[in-house]
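Coordinates as given in model_24.cif (mmCIF, C-alpha atoms and all ligand atoms):
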data_structure
loop_
_atom_site.group_PDB
_atom_site.id
_atom_site.type_symbol
_atom_site.label_atom_id
_atom_site.label_comp_id
_atom_site.auth_asym_id
_atom_site.auth_seq_id
_atom_site.Cartn_x
_atom_site.Cartn_y
_atom_site.Cartn_z
ATOM 1 C CA MET A 1 0.000 0.000 0.000
ATOM 2 C CA LYS A 2 1.381 3.399 -0.979
ATOM 3 C CA GLY A 3 0.666 6.451 1.076
ATOM 4 C CA SER A 4 1.585 8.226 4.199
ATOM 5 C CA PHE A 5 0.009 8.569 7.584
ATOM 6 C CA TYR A 6 0.859 9.545 11.122
ATOM 7 C CA LEU A 7 1.799 6.953 13.712
ATOM 8 C CA SER A 8 0.989 9.363 16.483
ATOM 9 C CA THR A 9 1.755 7.157 19.483
ATOM 10 C CA LEU A 10 5.171 6.151 18.163
ATOM 11 C CA GLY A 11 5.844 9.759 17.164
ATOM 12 C CA ARG A 12 5.037 10.983 20.664
ATOM 13 C CA LEU A 13 7.336 8.339 22.116
ATOM 14 C CA LEU A 14 10.165 9.429 19.788
ATOM 15 C CA ASN A 15 9.696 13.085 20.717
ATOM 16 C CA TRP A 16 9.665 12.200 24.414
ATOM 17 C CA ALA A 17 12.885 10.206 23.986
ATOM 18 C CA ARG A 18 14.500 13.099 22.084
ATOM 19 C CA SER A 19 13.547 15.537 24.807
ATOM 20 C CA ARG A 20 15.145 13.336 27.487
ATOM 21 C CA SER A 21 18.414 12.709 25.665
ATOM 22 C CA LEU A 22 19.667 16.131 24.602
ATOM 23 C CA TRP A 23 23.372 15.987 23.817
ATOM 24 C CA TYR A 24 24.729 19.477 23.771
ATOM 25 C CA ILE A 25 27.615 21.655 22.794
ATOM 26 C CA SER A 26 28.024 25.082 24.294
ATOM 27 C CA THR A 27 29.630 28.361 23.263
ATOM 28 C CA GLY A 28 31.276 30.288 26.061
ATOM 29 C CA THR A 29 32.008 33.806 24.871
ATOM 30 C CA GLY A 30 30.807 35.609 27.980
ATOM 31 C CA CYS A 31 30.489 35.383 31.724
ATOM 32 C CA CYS A 32 27.219 33.403 31.410
ATOM 33 C CA ALA A 33 29.439 30.442 30.532
ATOM 34 C CA ASP A 34 30.405 30.239 34.211
ATOM 35 C CA GLU A 35 26.768 29.708 35.112
ATOM 36 C CA VAL A 36 26.425 26.965 32.508
ATOM 37 C CA LEU A 37 29.553 25.304 33.915
ATOM 38 C CA ASN A 38 28.024 25.652 37.355
ATOM 39 C CA SER A 39 24.830 23.957 36.093
ATOM 40 C CA MET A 40 26.913 21.067 34.769
ATOM 41 C CA GLY A 41 28.593 20.544 38.135
ATOM 42 C CA CYS A 42 27.568 18.100 40.825
ATOM 43 C CA ARG A 43 25.354 20.547 42.713
ATOM 44 C CA TYR A 44 22.887 21.166 39.875
ATOM 45 C CA ASP A 45 23.842 18.235 37.626
ATOM 46 C CA LEU A 46 22.319 18.820 34.178
ATOM 47 C CA GLU A 47 22.940 15.176 33.343
ATOM 48 C CA ARG A 48 19.988 14.098 35.466
ATOM 49 C CA PHE A 49 17.838 15.735 32.754
ATOM 50 C CA GLY A 50 19.518 13.542 30.142
ATOM 51 C CA CYS A 51 21.769 16.383 28.972
ATOM 52 C CA VAL A 52 25.236 15.131 28.127
ATOM 53 C CA PRO A 53 28.034 17.469 27.005
ATOM 54 C CA GLN A 54 29.689 16.719 23.677
ATOM 55 C CA LEU A 55 32.823 17.991 21.984
ATOM 56 C CA ASP A 56 31.795 17.275 18.409
ATOM 57 C CA PRO A 57 28.814 19.157 16.907
ATOM 58 C CA ARG A 58 28.099 16.123 14.703
ATOM 59 C CA GLN A 59 27.136 14.233 17.862
ATOM 60 C CA ALA A 60 25.041 17.012 19.388
ATOM 61 C CA ASP A 61 21.440 18.083 18.904
ATOM 62 C CA LEU A 62 21.365 20.995 21.355
ATOM 63 C CA LEU A 63 23.401 24.195 21.068
ATOM 64 C CA ILE A 64 23.618 26.268 24.236
ATOM 65 C CA VAL A 65 24.661 29.807 23.368
ATOM 66 C CA CYS A 66 25.917 31.792 26.317
ATOM 67 C CA GLY A 67 27.489 35.185 25.905
ATOM 68 C CA MET A 68 27.691 37.710 23.140
ATOM 69 C CA VAL A 69 28.166 36.860 19.468
ATOM 70 C CA SER A 70 30.298 39.236 17.439
ATOM 71 C CA TYR A 71 29.635 39.947 13.772
ATOM 72 C CA LYS A 72 33.044 38.456 13.088
ATOM 73 C CA GLY A 73 32.155 35.197 14.875
ATOM 74 C CA ALA A 74 28.594 34.902 13.537
ATOM 75 C CA SER A 75 29.571 32.848 10.475
ATOM 76 C CA HIS A 76 31.467 30.378 12.701
ATOM 77 C CA LEU A 77 28.417 29.987 14.918
ATOM 78 C CA ARG A 78 26.276 29.391 11.870
ATOM 79 C CA SER A 79 28.606 26.683 10.531
ATOM 80 C CA LEU A 80 28.664 25.063 13.989
ATOM 81 C CA TYR A 81 24.872 24.987 13.958
ATOM 82 C CA ASP A 82 24.771 23.647 10.390
ATOM 83 C CA SER A 83 27.053 20.731 11.258
ATOM 84 C CA MET A 84 24.827 19.513 14.110
ATOM 85 C CA LEU A 85 22.419 16.590 13.943
ATOM 86 C CA THR A 86 18.806 17.179 12.992
ATOM 87 C CA PRO A 87 16.383 17.764 14.591
ATOM 88 C CA LYS A 88 18.408 20.359 16.503
ATOM 89 C CA TYR A 89 17.560 22.888 19.137
ATOM 90 C CA VAL A 90 19.041 26.121 20.472
ATOM 91 C CA LEU A 91 18.946 27.498 24.014
ATOM 92 C CA ALA A 92 19.983 31.167 24.310
ATOM 93 C CA ILE A 93 21.338 31.911 27.778
ATOM 94 C CA GLY A 94 21.480 35.440 29.162
ATOM 95 C CA ALA A 95 20.858 38.955 27.932
ATOM 96 C CA CYS A 96 23.866 39.029 25.591
ATOM 97 C CA ALA A 97 22.700 35.978 23.644
ATOM 98 C CA ASN A 98 19.074 37.108 23.726
ATOM 99 C CA CYS A 99 19.468 40.717 22.577
ATOM 100 C CA GLY A 100 23.081 41.878 22.916
ATOM 101 C CA GLY A 101 22.616 42.845 26.589
ATOM 102 C CA PRO A 102 25.140 45.489 27.700
ATOM 103 C CA PHE A 103 26.739 45.166 24.261
ATOM 104 C CA SER A 104 23.540 46.049 22.391
ATOM 105 C CA PRO A 105 23.868 48.331 19.330
ATOM 106 C CA GLN A 106 23.612 51.608 21.261
ATOM 107 C CA PHE A 107 26.760 50.640 23.193
ATOM 108 C CA SER A 108 28.713 48.470 20.786
ATOM 109 C CA TYR A 109 29.199 48.321 17.012
ATOM 110 C CA SER A 110 30.608 44.791 16.931
ATOM 111 C CA VAL A 111 28.051 42.588 18.710
ATOM 112 C CA VAL A 112 25.043 40.945 17.053
ATOM 113 C CA PRO A 113 21.825 42.158 18.761
ATOM 114 C CA GLY A 114 20.586 38.656 19.553
ATOM 115 C CA VAL A 115 21.741 35.233 18.428
ATOM 116 C CA ASP A 116 18.403 34.749 16.648
ATOM 117 C CA GLN A 117 19.777 37.050 13.935
ATOM 118 C CA VAL A 118 22.144 34.190 13.041
ATOM 119 C CA ILE A 119 20.393 30.912 13.985
ATOM 120 C CA PRO A 120 16.846 30.006 15.091
ATOM 121 C CA VAL A 121 16.362 29.968 18.867
ATOM 122 C CA ASP A 122 13.919 27.638 20.637
ATOM 123 C CA VAL A 123 14.049 28.944 24.208
ATOM 124 C CA TYR A 124 15.401 32.207 25.647
ATOM 125 C CA VAL A 125 16.654 32.305 29.235
ATOM 126 C CA PRO A 126 16.709 35.894 30.562
ATOM 127 C CA GLY A 127 19.155 37.284 33.102
ATOM 128 C CA CYS A 128 22.591 38.820 33.382
ATOM 129 C CA PRO A 129 23.722 36.257 34.273
ATOM 130 C CA PRO A 130 20.846 33.791 34.773
ATOM 131 C CA ARG A 131 21.231 31.546 37.795
ATOM 132 C CA PRO A 132 21.568 27.766 37.288
ATOM 133 C CA GLU A 133 17.922 27.386 38.375
ATOM 134 C CA ALA A 134 16.889 29.633 35.466
ATOM 135 C CA ILE A 135 19.035 27.599 33.068
ATOM 136 C CA MET A 136 17.397 24.385 34.290
ATOM 137 C CA ASN A 137 14.003 26.039 33.931
ATOM 138 C CA GLY A 138 14.838 26.903 30.307
ATOM 139 C CA LEU A 139 15.943 23.343 29.701
ATOM 140 C CA ILE A 140 12.690 21.948 31.102
ATOM 141 C CA ALA A 141 10.747 24.394 28.884
ATOM 142 C CA LEU A 142 12.692 23.073 25.895
ATOM 143 C CA GLN A 143 11.951 19.459 26.882
ATOM 144 C CA GLU A 144 8.252 20.284 27.108
ATOM 145 C CA LYS A 145 8.374 21.992 23.729
ATOM 146 C CA ILE A 146 10.038 18.965 22.097
ATOM 147 C CA SER A 147 7.641 16.494 23.780
ATOM 148 C CA GLY A 148 4.643 18.461 22.550
ATOM 149 C CA GLN A 149 5.818 18.709 18.953
ATOM 150 C CA GLU A 150 3.747 17.322 16.144
ATOM 151 C CA SER A 151 4.238 13.572 15.859
ATOM 152 C CA SER A 152 6.901 12.319 13.503
ATOM 153 C CA ARG A 153 5.686 11.477 10.029
ATOM 154 C CA PHE A 154 6.378 8.112 8.459
ATOM 155 C CA GLU A 155 6.212 7.242 4.796
ATOM 156 C CA ILE A 156 4.826 3.748 4.177
ATOM 157 C CA GLU A 157 5.564 2.051 0.851
HETATM 158 S S1 LIG B 1 24.345 38.446 29.897
HETATM 159 FE FE1 LIG B 1 25.566 39.466 31.491
HETATM 160 S S2 LIG B 1 26.552 37.755 32.565
HETATM 161 FE FE2 LIG B 1 25.868 36.968 30.575
HETATM 162 S S3 LIG B 1 27.601 37.192 29.173
HETATM 163 FE FE3 LIG B 1 26.334 39.041 28.992
HETATM 164 S S4 LIG B 1 27.244 40.514 30.428
HETATM 165 FE FE4 LIG B 1 28.006 38.476 30.977
#
Let me see whether you can do it: turn the structure in this file into structure tokens.
Amino acid sequence: MKGSFYLSTLGRLLNWARSRSLWYISTGTGCCADEVLNSMGCRYDLERFGCVPQLDPRQADLLIVCGMVSYKGASHLRSLYDSMLTPKYVLAIGACANCGGPFSPQFSYSVVPGVDQVIPVDVYVPGCPPRPEAIMNGLIALQEKISGQESSRFEIE
């Protein structure tokens, strides 16, 4: 039988599994990186959410952007994002990543006013810097977003 249809239960299961096994890489161009490192440590332990740090973008499906992105570095960030697995997700941490923060255009000529000018962002975490609790809250919001996505579509021959 040719055609396509949704296997909604299996799709929901796949999305749930994706949301609980986010392998991430992180940029650390600002002081927010310290808070992300703090979240990875034993006190807050991001790994209990299924988040495992990776060194290779080809093995990661989550990009955590913390800190400012310069116009000069924007193309590198874009190529990092392009080399990640799909489906892929982006968590923007802190005011600099969200909108340029204290380096916004009225104060700086060299910083991109928000990482969403370069790559699509799924969840924004506000703060300067956000505390680890806020980072975990953003991560849980991302997990909920992924779990609630439309079920995966399967082509049946
Ligand atoms: S948002 Fe604040 S704490 Fe985070 S990188 Fe920018 S200046 Fe530093």
Given 12 Å and all atoms listed in the file, residues near ligand LIG 1 (chain B) as a VMD selection string: chain A and resid 27 to 36 65 to 69 92 to 104 111 113 to 114 124 to 131 135
Once the PyMOL selection byres (((chain A and resi 91) around 6) and not hetatm) has been evaluated on this model, what residues remain selected, and can you format them as a PDB file with C-alpha atoms, in the frame of the given file?
ATOM      1  CA  ILE A  64      23.618  26.268  24.236  1.00  0.00           C
ATOM      2  CA  VAL A  90      19.041  26.121  20.472  1.00  0.00           C
ATOM      3  CA  ALA A  92      19.983  31.167  24.310  1.00  0.00           C
ATOM      4  CA  VAL A 123      14.049  28.944  24.208  1.00  0.00           C
TER       5      VAL A 123
END
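With distances taken over all atoms listed in the file, A:Ser26 is the one residue among A:Ser79, A:Gln143, A:Ser26, A:Thr86 lying closest to A:Leu55.
Taking only C-alpha atoms into account, A:Asn137 lies nearest to A:Ser39 out of the set A:Thr9, A:Asn15, A:Gln54, A:Ser39.
Atom CA of A:Gly148 is positioned 22.9 Å from atom CA of A:Tyr81.
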Separation of atom CA of A:Ser75 from atom CA of A:Val118, in Å and rounded to one decimal: 8.0 Å
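The interatomic distance for the pair atom CA of A:Arg58 and atom CA of A:Leu77 works out to 13.9 Å.
Using all atoms listed in the file, the shortest contact distance between A:Ala141 and any of A:Asp122, A:Tyr71, A:Pro53, A:Tyr24 is found at A:Asp122.
Take the candidates A:Val115, A:Val121, A:Leu46, A:Leu80 and check each one against A:Ile140 using all atoms listed in the file; the shortest distance goes to A:Leu46.
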Would you give the centre and edge lengths, in Å to one decimal, of a box along x, y and z around the listed atoms of stretch 134-148 of chain A, with 5 Å added to each side, as lines of an AutoDock Vina configuration file?
center_x = 11.8
center_y = 23.1
center_z = 28.8
size_x = 24.4
size_y = 23.1
size_z = 23.4
List, as an MDAnalysis selection string, every residue that the PyMOL selection byres (((chain A and resi 85) around 7) and not hetatm) selects in the file provided. chainID A and resid 58:61 83:84 86:88
From the list A:Ser108, A:Gln117, A:Gln149, A:Ser19, the nearest residue to A:Cys51 using all atoms listed in the file is A:Ser19
Evaluate the PyMOL selection byres (((chain A and resi 20) around 8) and not hetatm) on the structure here and hand back the selected residues as JSON, numbers by chain. {"A": [16, 17, 18, 19, 21, 22, 49, 50, 51, 143]}
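Restricting the calculation to all atoms listed in the file, the smallest distance between A:Leu63 and any of A:Leu14, A:Leu37, A:Ile119, A:Ile146 is found for A:Ile119.
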